[in-house]
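Undergrad: I'm passing along entry26.tsv; it holds TSV, C-alpha atoms.
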```tsv
chain	number	residue	atom	x	y	z
A	1374	MET	CA	80.36	17.32	43.72
A	1375	LYS	CA	77.89	15.91	41.21
A	1376	VAL	CA	75.35	13.18	41.91
A	1377	ILE	CA	75.14	10.71	39.01
A	1378	GLU	CA	73.13	7.67	37.99
A	1379	GLY	CA	75.36	4.71	38.71
A	1380	ASN	CA	76.06	1.54	40.65
A	1381	ILE	CA	78.85	-0.01	42.69
A	1382	ALA	CA	80.89	-0.63	39.52
A	1383	SER	CA	80.74	2.99	38.30
A	1384	PRO	CA	84.25	3.94	39.54
A	1385	LEU	CA	87.07	3.02	37.16
A	1386	GLY	CA	88.52	-0.45	37.60
A	1387	PHE	CA	85.58	-2.00	39.46
A	1388	SER	CA	83.08	-4.62	38.37
A	1389	ALA	CA	80.35	-6.58	40.13
A	1390	ASP	CA	77.93	-9.42	39.56
A	1391	GLY	CA	74.99	-11.07	41.29
A	1392	LEU	CA	72.81	-14.14	40.83
A	1393	HIS	CA	70.50	-16.66	42.46
A	1394	ALA	CA	72.61	-19.46	43.90
A	1395	GLY	CA	70.07	-21.10	46.18
A	1396	PHE	CA	70.65	-19.65	49.64
A	1397	LYS	CA	67.08	-18.34	49.27
A	1398	LYS	CA	64.22	-20.01	47.45
A	1399	ARG	CA	63.82	-17.62	44.54
A	1400	LYS	CA	65.50	-14.22	44.82
A	1401	MET	CA	69.10	-13.31	44.00
A	1402	ASP	CA	71.33	-14.16	46.93
A	1403	PHE	CA	75.01	-14.24	45.91
A	1404	GLY	CA	77.42	-11.73	44.41
A	1405	TRP	CA	80.80	-10.07	44.39
A	1406	ILE	CA	82.64	-6.81	43.81
A	1407	VAL	CA	86.02	-7.05	42.07
A	1408	SER	CA	88.74	-4.45	41.55
A	1409	GLU	CA	91.19	-4.71	38.65
A	1410	VAL	CA	94.04	-4.08	41.07
A	1411	PRO	CA	94.30	-4.55	44.85
A	1412	ALA	CA	92.62	-1.52	46.38
A	1413	SER	CA	93.24	0.42	49.55
A	1414	VAL	CA	90.66	-0.67	52.11
A	1415	ALA	CA	89.05	0.62	55.28
A	1416	GLY	CA	86.36	-0.91	57.45
A	1417	VAL	CA	84.13	-0.43	60.46
A	1418	TYR	CA	82.31	-3.27	62.16
A	1419	THR	CA	79.58	-4.17	64.63
A	1420	THR	CA	80.11	-3.56	68.33
A	1421	ASN	CA	77.88	-6.49	69.19
A	1422	LYS	CA	79.94	-8.90	71.36
A	1423	VAL	CA	78.50	-11.77	69.32
A	1424	ILE	CA	80.32	-11.47	65.99
A	1425	ALA	CA	79.58	-13.50	62.86
A	1426	ALA	CA	82.33	-15.63	61.34
A	1427	PRO	CA	82.58	-13.72	58.00
A	1428	LEU	CA	83.11	-10.46	59.84
A	1429	ILE	CA	85.92	-11.95	61.94
A	1430	VAL	CA	87.64	-13.30	58.83
A	1431	THR	CA	87.30	-10.05	56.89
A	1432	ARG	CA	88.46	-7.87	59.76
A	1433	GLN	CA	91.56	-10.04	60.19
A	1434	SER	CA	92.38	-9.85	56.48
A	1435	VAL	CA	91.91	-6.08	56.29
A	1436	LYS	CA	94.28	-5.62	59.22
A	1437	LYS	CA	96.85	-8.00	57.76
A	1438	ALA	CA	96.88	-7.13	54.06
A	1439	GLN	CA	95.77	-3.47	54.08
A	1440	LYS	CA	94.54	-4.15	50.54
A	1441	MET	CA	91.52	-5.84	49.00
A	1442	LYS	CA	90.86	-7.25	45.56
A	1443	ALA	CA	87.30	-8.52	45.99
A	1444	ILE	CA	84.33	-8.80	48.32
A	1445	VAL	CA	82.03	-11.83	48.05
A	1446	VAL	CA	78.61	-11.73	49.72
A	1447	ASN	CA	75.74	-14.13	50.28
A	1448	SER	CA	72.29	-13.35	51.65
A	1449	GLY	CA	69.78	-15.67	53.27
A	1450	VAL	CA	72.24	-17.32	55.69
A	1451	ALA	CA	74.20	-15.14	58.14
A	1452	ASN	CA	76.80	-17.76	59.15
A	1453	SER	CA	76.55	-16.32	62.67
A	1454	CYS	CA	76.56	-18.31	65.93
A	1455	THR	CA	77.76	-21.32	63.94
A	1456	GLY	CA	80.81	-22.28	66.01
A	1457	VAL	CA	84.01	-23.81	64.66
A	1458	GLN	CA	82.30	-25.05	61.50
A	1459	GLY	CA	81.09	-21.53	60.73
A	1460	MET	CA	84.64	-20.17	60.94
A	1461	GLU	CA	85.94	-22.95	58.70
A	1462	ASP	CA	83.20	-22.21	56.18
A	1463	ALA	CA	83.99	-18.49	56.16
A	1464	TYR	CA	87.67	-19.23	55.51
A	1465	THR	CA	86.68	-21.68	52.77
A	1466	MET	CA	84.42	-19.04	51.19
A	1467	GLN	CA	87.41	-16.69	51.18
A	1468	GLN	CA	89.85	-19.31	49.84
A	1469	TRP	CA	87.59	-20.49	47.02
A	1470	THR	CA	87.04	-16.91	45.87
A	1471	ALA	CA	90.78	-16.19	46.04
A	1472	ASN	CA	91.48	-19.34	43.99
A	1473	LYS	CA	89.05	-18.26	41.31
A	1474	LEU	CA	90.65	-14.82	41.05
A	1475	GLY	CA	94.23	-16.08	41.43
A	1476	VAL	CA	95.04	-13.94	44.48
A	1477	GLU	CA	96.04	-14.44	48.10
A	1478	PRO	CA	93.07	-15.15	50.45
A	1479	ASP	CA	93.70	-12.03	52.54
A	1480	LEU	CA	92.86	-9.92	49.49
A	1481	VAL	CA	89.27	-11.20	49.64
A	1482	GLY	CA	86.60	-9.91	52.01
A	1483	VAL	CA	83.62	-12.12	52.86
A	1484	ALA	CA	80.21	-11.09	54.14
A	1485	SER	CA	76.99	-12.92	54.92
A	1486	THR	CA	73.53	-11.79	55.98
A	1487	GLY	CA	70.31	-13.57	56.77
A	1488	VAL	CA	69.11	-16.08	59.36
A	1489	ILE	CA	71.36	-16.48	62.43
A	1490	GLY	CA	72.32	-19.98	63.52
A	1491	ASP	CA	72.27	-21.75	60.14
A	1492	LEU	CA	75.41	-23.18	58.58
A	1493	LEU	CA	76.31	-22.12	55.07
A	1494	PRO	CA	75.29	-24.69	52.44
A	1495	MET	CA	78.75	-25.06	50.96
A	1496	ASP	CA	77.65	-26.92	47.82
A	1497	THR	CA	75.32	-24.01	47.07
A	1498	LEU	CA	78.15	-21.56	47.66
A	1499	LYS	CA	80.54	-23.49	45.42
A	1500	THR	CA	78.02	-23.69	42.58
A	1501	GLY	CA	77.15	-20.01	42.89
A	1502	LEU	CA	80.80	-18.98	42.91
A	1503	SER	CA	81.42	-20.96	39.72
A	1504	LYS	CA	78.78	-18.85	37.96
A	1505	LEU	CA	79.97	-15.40	39.07
A	1506	VAL	CA	81.86	-13.48	36.40
A	1507	VAL	CA	84.08	-10.42	36.32
A	1508	ASN	CA	82.37	-7.52	34.54
A	1509	GLY	CA	78.96	-9.03	35.24
A	1510	ASN	CA	75.72	-7.22	36.08
A	1511	ALA	CA	76.48	-4.74	38.86
A	1512	ASP	CA	72.79	-3.95	39.35
A	1513	ASP	CA	72.25	-7.62	40.18
A	1514	PHE	CA	74.81	-7.35	42.99
A	1515	SER	CA	72.67	-4.62	44.56
A	1516	LYS	CA	69.74	-7.05	44.57
A	1517	ALA	CA	71.71	-10.11	45.66
A	1518	ILE	CA	72.68	-8.68	49.06
A	1519	LEU	CA	69.10	-7.90	50.15
A	1520	THR	CA	67.09	-9.81	52.76
A	1521	THR	CA	63.85	-8.19	53.99
A	1522	ASP	CA	64.68	-4.98	52.10
A	1523	THR	CA	62.03	-3.79	49.68
A	1524	VAL	CA	64.31	-1.69	47.47
A	1525	VAL	CA	67.95	-1.57	46.40
A	1526	LYS	CA	70.04	1.17	47.98
A	1527	THR	CA	72.70	2.78	45.81
A	1528	VAL	CA	74.27	6.21	45.35
A	1529	ALA	CA	77.07	7.54	43.11
A	1530	VAL	CA	78.89	10.87	42.87
A	1531	THR	CA	81.79	12.45	41.01
A	1532	GLU	CA	84.21	15.19	42.01
A	1533	GLN	CA	87.09	16.93	40.27
A	1534	PHE	CA	90.57	16.46	41.74
A	1535	GLY	CA	92.91	18.57	39.63
A	1536	ARG	CA	92.69	17.23	36.07
A	1537	ASP	CA	91.10	13.98	37.20
A	1538	GLU	CA	87.47	13.15	37.85
A	1539	VAL	CA	87.05	10.82	40.81
A	1540	THR	CA	83.95	8.64	41.07
A	1541	MET	CA	82.60	7.15	44.30
A	1542	ALA	CA	79.68	4.74	44.59
A	1543	GLY	CA	77.97	2.94	47.43
A	1544	VAL	CA	75.52	0.10	47.92
A	1545	ALA	CA	73.89	-1.05	51.14
A	1546	LYS	CA	71.41	-3.51	52.56
A	1547	GLY	CA	69.55	-3.12	55.79
A	1548	SER	CA	65.94	-3.10	56.88
A	1549	GLY	CA	65.77	-4.64	60.34
A	1550	MET	CA	68.23	-5.07	63.24
A	1551	ILE	CA	69.40	-1.52	62.58
A	1552	HIS	CA	70.79	0.34	65.59
A	1553	PRO	CA	74.50	0.55	64.81
A	1554	ASN	CA	77.34	1.86	66.90
A	1555	MET	CA	80.15	1.58	64.38
A	1556	ALA	CA	78.45	0.66	61.13
A	1557	THR	CA	75.16	-0.63	59.85
A	1558	MET	CA	74.09	-3.97	58.42
A	1559	LEU	CA	76.14	-4.23	55.18
A	1560	ALA	CA	77.46	-1.31	53.14
A	1561	PHE	CA	80.13	-1.30	50.45
A	1562	ILE	CA	81.69	1.79	48.88
A	1563	THR	CA	84.03	1.87	45.89
A	1564	CYS	CA	86.17	4.72	44.66
A	1565	ASP	CA	88.85	5.19	41.99
A	1566	ALA	CA	90.84	7.79	43.94
A	1567	ASN	CA	94.50	7.42	44.88
A	1568	ILE	CA	94.49	7.28	48.68
A	1569	SER	CA	96.27	5.04	51.18
A	1570	SER	CA	94.43	2.58	53.39
A	1571	GLU	CA	95.49	4.54	56.47
A	1572	THR	CA	94.09	7.82	55.12
A	1573	LEU	CA	90.96	6.05	53.87
A	1574	GLN	CA	90.38	4.62	57.35
A	1575	LEU	CA	90.74	8.11	58.80
A	1576	ALA	CA	88.07	9.46	56.47
A	1577	LEU	CA	85.71	6.56	57.16
A	1578	SER	CA	86.11	6.78	60.94
A	1579	GLN	CA	85.51	10.53	60.91
A	1580	ASN	CA	82.27	10.22	58.96
A	1581	VAL	CA	80.63	7.10	60.37
A	1582	GLU	CA	79.51	8.81	63.57
A	1583	THR	CA	77.34	11.38	61.79
A	1584	THR	CA	75.93	9.01	59.15
A	1585	PHE	CA	75.47	5.28	59.77
A	1586	ASN	CA	75.65	5.70	63.54
A	1587	GLN	CA	72.74	8.15	63.42
A	1588	ILE	CA	70.11	5.77	62.09
A	1589	THR	CA	67.90	3.36	63.97
A	1590	VAL	CA	65.03	1.14	62.92
A	1591	ASP	CA	64.38	-1.15	65.86
A	1592	GLY	CA	67.13	-0.78	68.46
A	1593	ASP	CA	68.83	-4.08	67.58
A	1594	THR	CA	72.51	-4.26	66.59
A	1595	SER	CA	73.27	-7.11	64.20
A	1596	THR	CA	76.07	-9.64	64.57
A	1597	ASN	CA	77.04	-9.03	60.93
A	1598	ASP	CA	77.17	-5.20	60.63
A	1599	MET	CA	80.03	-4.07	58.40
A	1600	VAL	CA	81.05	-1.19	56.16
A	1601	LEU	CA	83.94	-1.61	53.73
A	1602	VAL	CA	85.40	1.15	51.55
A	1603	LEU	CA	87.73	0.34	48.61
A	1604	ALA	CA	89.79	2.87	46.65
A	1605	ASN	CA	91.89	1.47	43.79
A	1606	GLY	CA	93.66	4.59	42.47
A	1607	CYS	CA	92.67	3.96	38.84
A	1608	THR	CA	92.16	7.67	38.15
A	1609	LEU	CA	95.90	8.22	38.75
A	1610	ASN	CA	95.20	11.46	40.63
A	1611	ASP	CA	97.83	12.75	43.04
A	1612	GLU	CA	97.66	10.87	46.33
A	1613	ILE	CA	95.14	12.35	48.73
A	1614	LEU	CA	96.86	13.16	52.02
A	1615	PRO	CA	95.47	14.04	55.46
A	1616	ASP	CA	95.14	17.68	56.51
A	1617	THR	CA	94.81	18.95	52.94
A	1618	ALA	CA	92.04	20.59	50.94
A	1619	GLU	CA	91.89	17.47	48.77
A	1620	PHE	CA	91.28	15.31	51.84
A	1621	GLU	CA	88.42	17.56	52.93
A	1622	LYS	CA	86.91	17.30	49.45
A	1623	PHE	CA	87.25	13.51	49.51
A	1624	SER	CA	85.79	13.35	53.00
A	1625	ALA	CA	82.78	15.40	51.84
A	1626	MET	CA	82.18	12.89	49.04
A	1627	LEU	CA	82.35	10.00	51.47
A	1628	HIS	CA	80.06	11.74	53.94
A	1629	TYR	CA	77.44	12.35	51.26
A	1630	VAL	CA	77.49	8.73	50.05
A	1631	MET	CA	77.33	7.36	53.59
A	1632	GLN	CA	74.55	9.72	54.65
A	1633	GLU	CA	72.42	8.95	51.60
A	1634	LEU	CA	72.84	5.20	52.15
A	1635	ALA	CA	71.99	5.62	55.83
A	1636	LYS	CA	68.80	7.51	54.99
A	1637	LYS	CA	67.79	4.89	52.42
A	1638	ILE	CA	68.23	2.18	55.07
A	1639	ALA	CA	66.14	4.11	57.58
A	1640	LYS	CA	63.40	4.75	55.03
A	1641	ASP	CA	63.28	1.04	54.13
A	1642	GLY	CA	62.87	-0.16	57.71
A	1643	GLU	CA	60.87	-3.36	57.98
A	1644	GLY	CA	57.19	-2.53	57.60
A	1645	ALA	CA	57.91	1.19	57.54
A	1646	SER	CA	55.61	3.71	55.89
A	1647	LYS	CA	57.46	6.90	56.84
A	1648	LEU	CA	61.02	8.20	57.13
A	1649	ILE	CA	61.60	10.25	60.28
A	1650	GLU	CA	64.31	12.92	60.32
A	1651	VAL	CA	65.15	14.55	63.64
A	1652	VAL	CA	67.24	17.71	63.82
A	1653	VAL	CA	68.44	19.01	67.20
A	1654	LYS	CA	69.92	22.48	66.83
A	1655	HIS	CA	71.47	25.17	69.01
A	1656	ALA	CA	72.73	22.48	71.40
A	1657	PRO	CA	75.70	22.90	73.78
A	1658	ASN	CA	77.85	20.46	71.75
A	1659	THR	CA	77.64	18.16	68.75
A	1660	PHE	CA	77.75	14.89	70.67
A	1661	ASP	CA	74.83	15.84	72.89
A	1662	ALA	CA	72.87	17.02	69.86
A	1663	ARG	CA	73.44	13.70	68.06
A	1664	MET	CA	72.49	11.64	71.11
A	1665	MET	CA	69.28	13.60	71.63
A	1666	ALA	CA	68.32	13.30	67.97
A	1667	LYS	CA	68.95	9.55	68.00
A	1668	SER	CA	67.02	9.13	71.25
A	1669	VAL	CA	63.96	10.74	69.69
A	1670	VAL	CA	64.11	8.80	66.43
A	1671	GLY	CA	64.68	5.56	68.33
A	1672	SER	CA	61.76	5.95	70.72
A	1673	SER	CA	59.15	3.24	70.17
A	1674	LEU	CA	56.47	5.63	71.41
A	1675	VAL	CA	57.54	8.33	68.96
A	1676	LYS	CA	57.72	5.79	66.14
A	1677	THR	CA	54.25	4.41	66.83
A	1678	ALA	CA	52.83	7.94	67.11
A	1679	ILE	CA	54.28	8.77	63.69
A	1680	PHE	CA	52.78	5.58	62.27
A	1681	GLY	CA	49.42	6.58	63.70
A	1682	GLU	CA	49.88	10.15	62.37
A	1683	ASP	CA	49.46	11.48	65.91
A	1684	PRO	CA	51.39	14.73	66.66
A	1685	ASN	CA	52.12	13.61	70.22
A	1686	TRP	CA	55.00	15.97	70.97
A	1687	GLY	CA	55.10	14.93	74.64
A	1688	ARG	CA	56.73	11.68	73.54
A	1689	ILE	CA	59.40	13.68	71.72
A	1690	LEU	CA	60.15	15.71	74.83
A	1691	ALA	CA	60.32	12.58	76.98
A	1692	ALA	CA	62.77	10.95	74.57
A	1693	LEU	CA	65.01	14.03	74.78
A	1694	GLY	CA	64.99	13.69	78.55
A	1695	TYR	CA	66.36	10.14	78.62
A	1696	ALA	CA	69.02	10.62	75.94
A	1697	GLY	CA	71.74	10.20	78.54
A	1698	VAL	CA	73.16	13.70	78.15
A	1699	ASP	CA	72.49	17.04	79.83
A	1700	VAL	CA	69.37	18.53	78.26
A	1701	PRO	CA	68.73	22.26	78.79
A	1702	VAL	CA	64.99	22.06	79.40
A	1703	ASP	CA	64.02	25.67	80.08
A	1704	ASN	CA	63.62	26.99	76.54
A	1705	ILE	CA	62.85	24.20	74.08
A	1706	ASP	CA	61.02	24.63	70.78
A	1707	ILE	CA	59.63	21.59	68.96
A	1708	THR	CA	58.40	21.78	65.38
A	1709	LEU	CA	56.71	19.10	63.29
A	1710	GLY	CA	57.23	19.95	59.64
A	1711	ASP	CA	56.93	23.72	59.71
A	1712	VAL	CA	54.34	23.84	62.50
A	1713	PRO	CA	55.50	24.67	66.07
A	1714	VAL	CA	53.90	22.47	68.72
A	1715	MET	CA	56.03	23.67	71.63
A	1716	LEU	CA	57.68	27.05	72.18
A	1717	GLY	CA	59.79	28.08	75.15
A	1718	SER	CA	59.14	24.70	76.79
A	1719	GLY	CA	55.39	25.32	76.74
A	1720	PRO	CA	52.56	24.06	74.51
A	1721	VAL	CA	51.15	26.18	71.70
A	1722	ALA	CA	47.93	25.90	69.73
A	1723	PHE	CA	48.30	24.76	66.13
A	1724	ASP	CA	46.12	24.28	63.07
A	1725	ALA	CA	44.84	20.71	63.29
A	1726	GLU	CA	44.07	20.43	59.57
A	1727	LYS	CA	47.52	21.63	58.55
A	1728	MET	CA	49.09	19.25	61.06
A	1729	GLN	CA	47.07	16.37	59.64
A	1730	ASP	CA	48.50	17.12	56.19
A	1731	ILE	CA	52.05	17.13	57.61
A	1732	MET	CA	51.60	13.87	59.50
A	1733	HIS	CA	50.28	12.23	56.33
A	1734	GLU	CA	53.55	12.87	54.45
A	1735	GLU	CA	56.06	10.06	53.78
A	1736	VAL	CA	58.89	12.08	55.37
A	1737	ILE	CA	58.27	13.50	58.83
A	1738	CYS	CA	60.73	16.20	59.97
A	1739	ILE	CA	61.03	16.88	63.69
A	1740	THR	CA	63.08	19.92	64.69
A	1741	VAL	CA	64.17	20.59	68.26
A	1742	ASP	CA	65.69	23.99	69.08
A	1743	LEU	CA	67.41	24.11	72.48
A	1744	HIS	CA	68.56	27.76	72.30
A	1745	SER	CA	71.66	26.75	74.26
A	1746	GLY	CA	74.59	26.72	71.84
A	1747	GLU	CA	75.65	26.45	68.22
A	1748	ALA	CA	75.85	22.68	67.68
A	1749	THR	CA	73.53	20.59	65.50
A	1750	GLY	CA	72.83	16.86	65.39
A	1751	LYS	CA	70.74	14.80	62.99
A	1752	ALA	CA	69.31	11.28	63.09
A	1753	TRP	CA	67.09	9.18	60.85
A	1754	GLY	CA	64.67	6.35	61.47
A	1755	CYS	CA	61.23	5.11	60.54
A	1756	ASP	CA	57.83	4.53	62.03
A	1757	LEU	CA	56.91	1.28	63.78
A	1758	SER	CA	54.03	-0.48	62.12
A	1759	TYR	CA	51.92	-3.64	62.40
A	1760	ASP	CA	53.91	-5.05	59.49
A	1761	TYR	CA	57.18	-4.85	61.45
A	1762	VAL	CA	55.79	-7.28	64.00
A	1763	LYS	CA	54.41	-9.54	61.27
A	1764	ILE	CA	57.70	-9.66	59.33
A	1765	ASN	CA	59.80	-10.49	62.38
A	1766	ALA	CA	57.31	-12.90	63.92
A	1767	LEU	CA	57.46	-14.98	60.75
A	1768	TYR	CA	61.12	-14.42	59.77
A	1769	ARG	CA	62.17	-18.09	59.76
A	1770	THR	CA	58.83	-19.48	58.61
```
Let's see the structure in the file written out as structure tokens.

TA:
Amino acid sequence: MKVIEGNIASPLGFSADGLHAGFKKRKMDFGWIVSEVPASVAGVYTTNKVIAAPLIVTRQSVKKAQKMKAIVVNSGVANSCTGVQGMEDAYTMQQWTANKLGVEPDLVGVASTGVIGDLLPMDTLKTGLSKLVVNGNADDFSKAILTTDTVVKTVAVTEQFGRDEVTMAGVAKGSGMIHPNMATMLAFITCDANISSETLQLALSQNVETTFNQITVDGDTSTNDMVLVLANGCTLNDEILPDTAEFEKFSAMLHYVMQELAKKIAKDGEGASKLIEVVVKHAPNTFDARMMAKSVVGSSLVKTAIFGEDPNWGRILAALGYAGVDVPVDNIDITLGDVPVMLGSGPVAFDAEKMQDIMHEEVICITVDLHSGEATGKAWGCDLSYDYVKINALYRT
């Protein structure tokens, strides 16, 4: 697998565009991804019981059509908690896009992100849609889906499948309300491989648990969280089938793209200054390792300690203890960077100056060794800063 410079339109047969329609005052806020041919599609969605209208519409269409031609996205207005009118607007958003492309509505996915409780300004949507073009500026799409994000989040890779080179690319947005349990905010992945929707869903479902589900910024699960993967088969490679070496290769590509997007989301948490990576190793099983890692990275006390550059390892140990799984506590090692702060479940002296240098880094690695098995789990998050409170206290104003 080779990592390349690219965007969501890098795979064959895909294009994208983005622009400022007026959902937000100044920044780009509207865009789409379009495939030359209807693509196989797979999706995972929020587990929040309060579900935004666009997500309901898209999930229904994916289930019904098992194919997708385009995804249209607006930022600034979430179209969530908007009642009957919100559902009608989401269907209209889908229908208008389908009309423009000359396809059935169920071949169009819709997504919205932004302020909850506001209705979509449909005149703004209609005007913006009239200006979107096929084969537009794909980099602008990456910008158009952002809300409080500070950077675009993209990744692209290629891999050889027989005589054919398959390209996969992903784009995501997410900065706050990140604590997923099926997906994260919004992420879209395109690929030109030949793979059925059923097999694509299998690959997505297998990889979401160890990627998007292992990040947390603030413990909140959004009403609009969604990941969609499209594969249009434009490389004409032999169909990728389950339980084959080619499927494992494809799954590895997907895992890499999803993990990189997940880490970019965690690093760009609202007000964040540091990315936190937690590795729990030598655990009794993989699930327990993942839950312990996510418990540590999600702890507000750990996050504030990292922001304050305080190597308070007691908070790490406490977070392990309330992870909701059996924690073998008799022989735990905890390391910050490459400096042990706890060995054999007891404190150890460490070089304060070296630790200060480690805590000053932009990426803080916490390693927990349980000495109780062979399983490993990873999770990613960010520190909790003054700016996080400021951003969210003033979100609507």

Undergrad: Between A:Ser1515, A:Thr1521, A:Thr1740, A:Asn1447, single out the one closest to Trp1686 of chain A, counting only C-alpha atoms.

TA: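 That would be A:Thr1740, the residue with the smallest distance to Trp1686 of chain A.
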
Undergrad: Report as a PyMOL selection string all protein, DNA and RNA residues lying within 6 Å of segment 1421-1431 of chain A, evaluated on all atoms listed in the file, omitting residues in the same chain fewer than 6 positions from it.

TA: chain A and resi 1453+1460+1463+1482-1484+1596-1597

Undergrad: Which residue, A:Gly1487, A:Gly1391, A:Asn1586, A:Lys1397, has the smallest gap to Leu1502 of chain A when you use all atoms listed in the file?

TA: A:Gly1391

Undergrad: Tell me, as JSON, numbers by chain, which residues lie within 10 Å of Gly1687 of chain A, counting all atoms listed in the file; anything in the same chain fewer than 3 positions away does not count.

TA: {"A": [1674, 1675, 1684, 1690, 1691, 1692, 1693, 1707, 1714, 1715, 1720]}

Undergrad: Write out as a PyMOL selection string each polymer residue whose atoms come within 9 Å of Lys1499 of chain A, counting all atoms listed in the file; drop sequence neighbours fewer than 4 positions from it.

TA: chain A and resi 1466+1469+1494-1495+1503-1504

Undergrad: Considering only C-alpha atoms, state which residue in the set A:Leu1519, A:Val1530, A:Ala1471, A:Ala1415 is at the smallest distance from Val1450 of chain A.

TA: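 Comparing A:Leu1519, A:Val1530, A:Ala1471, A:Ala1415 against Val1450 of chain A, the winner is A:Leu1519.
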
Undergrad: What is the atom CA of Met1374 of chain A-atom CA of Thr1617 of chain A distance in Å, reported with one decimal?

TA: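 Pair atom CA of Met1374 of chain A / atom CA of Thr1617 of chain A returns 17.2 Å.
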
Undergrad: For Asp1512 of chain A, which residue out of A:Asn1658, A:Thr1419, A:Gln1729, A:Thr1527 is the nearest one, using all atoms listed in the file?

TA: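 Closest to Asp1512 of chain A, using all atoms listed in the file: A:Thr1527.
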
Undergrad: List as a PyMOL selection string the residues having at least one atom at most 12 Å from position (64.5, 22.4, 82.7) as given in the file, counting all atoms listed in the file.

TA: chain A and resi 1690+1693-1694+1699-1705+1717-1719+1743+1745

Undergrad: Please compute the atom CA of Phe1620 of chain A-atom CA of Leu1573 of chain A distance, one decimal, in Å.

TA: 9.5 Å

Undergrad: Pick from A:Ile1377, A:Ala1666, A:Leu1648, A:Leu1385: nearest to Thr1608 of chain A, with all atoms listed in the file counted?

TA: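 The shortest atom-to-atom distance to Thr1608 of chain A comes from A:Leu1385.
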